[in-house]
Amino acid sequence: MTDRSYYAPTGGLPPQTQILTDRAMFTDAYAVIPKGTFSDIVTSFLPFWREARFWVIARPMSGFAETFSQYIAEVQPGGGSDRPEVDAGVQSVIFVVDGTVQLTLDGAAHDLAEGGYAYIPAGCDWSVKNVSDAPTRFHWIRKAYQSVDGLDRPEVIVTNEKDIAPTPMPDTDGAWATTRFVDPADMRHDMHVTIVTFQPGGVIPFAETHVMEHGLYVLEGKAVYRLNQDWVEVEAGDFMWLRAFCPQACYAGGPGPFRYLLYKDVNRHMPLAAGALPR
């Protein structure tokens with residue numbers, strides 16, 4: 001595979017002369033957070049992290065997307081955390097979009113460069129450090145793990161997307177493909193984080209409407225995306241947040257590939273509130 005260039009925010013503030021017209025929107029069915037909103041004043045700090053800040057781009061919200069949170073982390077040289085996760089029941093995925101980061105997982109150190117992926121099971125003892133001389137930026141996706149009696153918890157996975165051949169979607173001649181870090185048939189996993197790639201002119205040829213929630217961060221390229229009843233232009237650096245059953249489709253605009261990092265919840269029964277079923 002060829003080298004990839006992933007969009008990563010760098011912060012700053014727009015000039016006082018900039019007009020306010022933008023593509024940011026939040027609806028009952030979806031949200032679009034365009035790259036222009038990733039300024040200094042919307043970052044967050046987290047306990048037990050040093051020399052680090054976070055753009056929080058998704059969080060559980062009642063009546064909207066409820067299963068996951070997603071951050072873009074920016075860690076300065078020498079920064080990181082020996083206690084990054086404060087909830088032992090939460091699993092994580094790290095995906096590096098700029099620079100390098102050192103992850104230590106159950107005592108084993110791993111250096112992740114751009115395109116590096118790590119699945120961190122719930123209860124894993126882990127830490128993260130920037131041992132380079134430049135800032136590093138990575139996505140951190142978190143989900144409370146839904147254990148099932150009779151299924152073991154998944155193991156640590158550390159890899160790089162450049163080492164995984166994308167799987168073409170059937171009958172698309174390679175115009176639409178998915179890079180899978182986890183075997184879809186592995187029932188131990190209750191979330192998938194993948195990379196979806198469309199070649200110029202590639203499409204989702206129907207309005208997908210399904211129970212999975214989505215977070216889609218555009219790594220590269222541009223497209224026109226169908227979100228519920230609207231067609232929205234998106235480009236590298238934009239984030240789309242879709243609640244369950246939001247209709248979705250897209251046309252990749254070229255001139256290069258359109259690629260996005262995709263979260264979805266999978267492989268579990270739907271939660272039912274106690275006492276909600278008829279007797």
# chains A, B, ... in the order shown; residues from 1 in each chain; ligands from 1

call {"tool": "closest_atom_pairs", "arguments": {"of": "region 178-235 of chain A", "to": "region 18-30 of chain A", "cutoff": "12 Å", "atoms": "only C-alpha atoms", "output": "tab-separated table"}}
result
residue	atom	partner	partner_atom	distance
A:Thr209	CA	A:Ala29	CA	11.6
A:Glu213	CA	A:Tyr30	CA	10.1
A:His214	CA	A:Tyr30	CA	9.4
A:Gly215	CA	A:Tyr30	CA	9.9
A:Leu216	CA	A:Tyr30	CA	11.0
A:Tyr225	CA	A:Tyr30	CA	11.6
A:Arg226	CA	A:Tyr30	CA	10.5
A:Leu227	CA	A:Tyr30	CA	6.9
A:Asn228	CA	A:Ala29	CA	6.7
A:Gln229	CA	A:Ala29	CA	9.6
A:Asp230	CA	A:Tyr30	CA	10.1
A:Trp231	CA	A:Arg23	CA	11.7
A:Val232	CA	A:Arg23	CA	8.4
A:Glu233	CA	A:Arg23	CA	8.3
A:Val234	CA	A:Arg23	CA	8.7
A:Glu235	CA	A:Arg23	CA	10.8

call {"tool": "write_last_selection", "arguments": {"atoms": "N, CA and C atoms", "output": "PDB file, in the first residue's frame"}}
result
ATOM      1  N   THR A 209     -29.903   2.200   6.339  1.00  0.00           N
ATOM      2  CA  THR A 209     -30.734   2.533   7.493  1.00  0.00           C
ATOM      3  C   THR A 209     -30.668   1.349   8.445  1.00  0.00           C
ATOM      4  N   GLU A 213     -25.028   2.761  15.608  1.00  0.00           N
ATOM      5  CA  GLU A 213     -24.615   4.152  15.669  1.00  0.00           C
ATOM      6  C   GLU A 213     -23.269   4.313  14.962  1.00  0.00           C
ATOM      7  N   HIS A 214     -22.998   5.510  14.489  1.00  0.00           N
ATOM      8  CA  HIS A 214     -21.749   5.737  13.764  1.00  0.00           C
ATOM      9  C   HIS A 214     -21.053   7.003  14.230  1.00  0.00           C
ATOM     10  N   GLY A 215     -19.727   6.936  14.226  1.00  0.00           N
ATOM     11  CA  GLY A 215     -18.874   8.109  14.195  1.00  0.00           C
ATOM     12  C   GLY A 215     -18.005   7.985  12.962  1.00  0.00           C
ATOM     13  N   LEU A 216     -17.965   9.010  12.109  1.00  0.00           N
ATOM     14  CA  LEU A 216     -17.184   8.970  10.869  1.00  0.00           C
ATOM     15  C   LEU A 216     -16.265  10.188  10.828  1.00  0.00           C
ATOM     16  N   TYR A 225     -22.295  13.637   1.231  1.00  0.00           N
ATOM     17  CA  TYR A 225     -22.826  12.579   2.092  1.00  0.00           C
ATOM     18  C   TYR A 225     -24.303  12.804   2.346  1.00  0.00           C
ATOM     19  N   ARG A 226     -25.083  11.748   2.189  1.00  0.00           N
ATOM     20  CA  ARG A 226     -26.519  11.791   2.514  1.00  0.00           C
ATOM     21  C   ARG A 226     -26.683  11.496   4.002  1.00  0.00           C
ATOM     22  N   LEU A 227     -27.254  12.419   4.742  1.00  0.00           N
ATOM     23  CA  LEU A 227     -27.515  12.270   6.163  1.00  0.00           C
ATOM     24  C   LEU A 227     -28.982  12.577   6.402  1.00  0.00           C
ATOM     25  N   ASN A 228     -29.747  11.545   6.738  1.00  0.00           N
ATOM     26  CA  ASN A 228     -31.200  11.654   6.883  1.00  0.00           C
ATOM     27  C   ASN A 228     -31.785  12.174   5.569  1.00  0.00           C
ATOM     28  N   GLN A 229     -32.340  13.382   5.525  1.00  0.00           N
ATOM     29  CA  GLN A 229     -32.936  13.911   4.304  1.00  0.00           C
ATOM     30  C   GLN A 229     -32.035  14.923   3.591  1.00  0.00           C
ATOM     31  N   ASP A 230     -30.813  15.097   4.088  1.00  0.00           N
ATOM     32  CA  ASP A 230     -29.952  16.167   3.579  1.00  0.00           C
ATOM     33  C   ASP A 230     -28.718  15.592   2.871  1.00  0.00           C
ATOM     34  N   TRP A 231     -28.258  16.309   1.845  1.00  0.00           N
ATOM     35  CA  TRP A 231     -26.966  16.036   1.225  1.00  0.00           C
ATOM     36  C   TRP A 231     -25.991  17.097   1.715  1.00  0.00           C
ATOM     37  N   VAL A 232     -24.869  16.649   2.298  1.00  0.00           N
ATOM     38  CA  VAL A 232     -23.924  17.537   2.963  1.00  0.00           C
ATOM     39  C   VAL A 232     -22.540  17.318   2.368  1.00  0.00           C
ATOM     40  N   GLU A 233     -21.850  18.399   2.020  1.00  0.00           N
ATOM     41  CA  GLU A 233     -20.471  18.279   1.560  1.00  0.00           C
ATOM     42  C   GLU A 233     -19.540  18.099   2.763  1.00  0.00           C
ATOM     43  N   VAL A 234     -18.647  17.118   2.668  1.00  0.00           N
ATOM     44  CA  VAL A 234     -17.678  16.871   3.735  1.00  0.00           C
ATOM     45  C   VAL A 234     -16.293  16.709   3.120  1.00  0.00           C
ATOM     46  N   GLU A 235     -15.283  16.982   3.939  1.00  0.00           N
ATOM     47  CA  GLU A 235     -13.901  16.882   3.470  1.00  0.00           C
ATOM     48  C   GLU A 235     -13.019  16.402   4.610  1.00  0.00           C
TER      49      GLU A 235
END

call {"tool": "atom_distance", "arguments": {"atom1": "CA of His192 (chain A)", "atom2": "CA of Arg53 (chain A)"}}
result
25.1 Å

call {"tool": "closest_residue", "arguments": {"among": "A:Thr67, A:Thr104, A:Ser44, A:Thr178", "to": "Ser81 (chain A)", "atoms": "only C-alpha atoms"}}
result
A:Thr104

call {"tool": "atom_distance", "arguments": {"atom1": "CA of Phe206 (chain A)", "atom2": "CA of Pro168 (chain A)"}}
result
17.0 Å

call {"tool": "closest_atom_pairs", "arguments": {"of": "region 68-99 of chain A", "to": "region 144-150 of chain A", "cutoff": "8 Å", "atoms": "only C-alpha atoms", "output": "Markdown table"}}
result
| residue | atom | partner | partner_atom | distance |
| --- | --- | --- | --- | --- |
| A:Phe68 | CA | A:Ala144 | CA | 7.6 |
| A:Gly89 | CA | A:Ala144 | CA | 5.7 |
| A:Val90 | CA | A:Ala144 | CA | 4.3 |
| A:Gln91 | CA | A:Tyr145 | CA | 5.9 |

call {"tool": "atom_distance", "arguments": {"atom1": "CA of Trp140 (chain A)", "atom2": "CA of Phe95 (chain A)"}}
result
6.8 Å

call {"tool": "residues_around", "arguments": {"residues": "region 180-188 of chain A", "least_positions_apart": "2", "cutoff": "9 Å", "atoms": "only C-alpha atoms", "output": "list of chain:residue names"}}
result
A:Tyr117, A:Tyr119, A:Ser147, A:Val148, A:Leu151, A:Asp152, A:Arg153, A:Pro154, A:Ile157, A:Thr159, A:Asn160, A:Glu161, A:Ile164, A:Ala165, A:Pro166, A:Thr167, A:Thr178, A:Asp190, A:His192, A:Val193, A:Thr194, A:Ile195, A:Val196, A:Val266, A:Asn267, A:Arg268

call {"tool": "write_last_selection", "arguments": {"atoms": "C-alpha atoms", "output": "PDB file, in the first residue's frame"}}
result
ATOM      1  CA  TYR A 117      -4.099   1.016  15.480  1.00  0.00           C
ATOM      2  CA  TYR A 119      -7.446  -2.234  20.506  1.00  0.00           C
ATOM      3  CA  SER A 147     -19.718  -8.813  28.466  1.00  0.00           C
ATOM      4  CA  VAL A 148     -21.690 -11.953  27.609  1.00  0.00           C
ATOM      5  CA  LEU A 151     -17.703 -15.346  25.735  1.00  0.00           C
ATOM      6  CA  ASP A 152     -14.145 -14.439  26.713  1.00  0.00           C
ATOM      7  CA  ARG A 153     -12.978 -10.843  26.499  1.00  0.00           C
ATOM      8  CA  PRO A 154     -10.921  -9.935  23.407  1.00  0.00           C
ATOM      9  CA  ILE A 157      -4.519  -5.900  19.048  1.00  0.00           C
ATOM     10  CA  THR A 159      -1.163  -3.197  14.048  1.00  0.00           C
ATOM     11  CA  ASN A 160      -1.007  -0.577  11.304  1.00  0.00           C
ATOM     12  CA  GLU A 161      -3.604  -0.063   8.603  1.00  0.00           C
ATOM     13  CA  ILE A 164      -3.864  -4.792   6.229  1.00  0.00           C
ATOM     14  CA  ALA A 165      -5.297  -5.332   2.760  1.00  0.00           C
ATOM     15  CA  PRO A 166      -8.689  -3.625   2.394  1.00  0.00           C
ATOM     16  CA  THR A 167     -11.645  -5.926   1.695  1.00  0.00           C
ATOM     17  CA  THR A 178     -13.142  -1.626   4.087  1.00  0.00           C
ATOM     18  CA  ASP A 190     -19.040  -5.447  20.639  1.00  0.00           C
ATOM     19  CA  HIS A 192     -15.785  -2.282  15.254  1.00  0.00           C
ATOM     20  CA  VAL A 193     -13.508   0.554  14.204  1.00  0.00           C
ATOM     21  CA  THR A 194     -12.649   0.294  10.515  1.00  0.00           C
ATOM     22  CA  ILE A 195     -11.425   2.463   7.651  1.00  0.00           C
ATOM     23  CA  VAL A 196     -13.738   2.844   4.673  1.00  0.00           C
ATOM     24  CA  VAL A 266     -22.095  -4.615  16.854  1.00  0.00           C
ATOM     25  CA  ASN A 267     -22.763  -8.193  18.015  1.00  0.00           C
ATOM     26  CA  ARG A 268     -25.021  -7.578  21.008  1.00  0.00           C
TER      27      ARG A 268
END

call {"tool": "residues_around", "arguments": {"residues": "Phe38 (chain A)", "least_positions_apart": "4", "cutoff": "12 Å", "atoms": "only C-alpha atoms", "output": "PyMOL selection string"}}
result
chain A and resi 7-14+24+33-34+42-44+53-57+71-74+237-239

call {"tool": "select_by_dssp", "arguments": {"residues": "region 70-251 of chain A", "states": "strand (DSSP E)", "output": "PyMOL selection string"}}
result
chain A and resi 70-81+90-98+101-105+108-112+116-120+126-129+136-144+157-160+167-168+176-180+191-198+203-208+214-220+222-227+230-235+239-242+248-251

call {"tool": "residues_around", "arguments": {"residues": "Gly253 (chain A)", "least_positions_apart": "2", "cutoff": "9 Å", "atoms": "only C-alpha atoms", "output": "NGL selection string"}}
result
:A and (199-202 or 221-224 or 251 or 255-258)
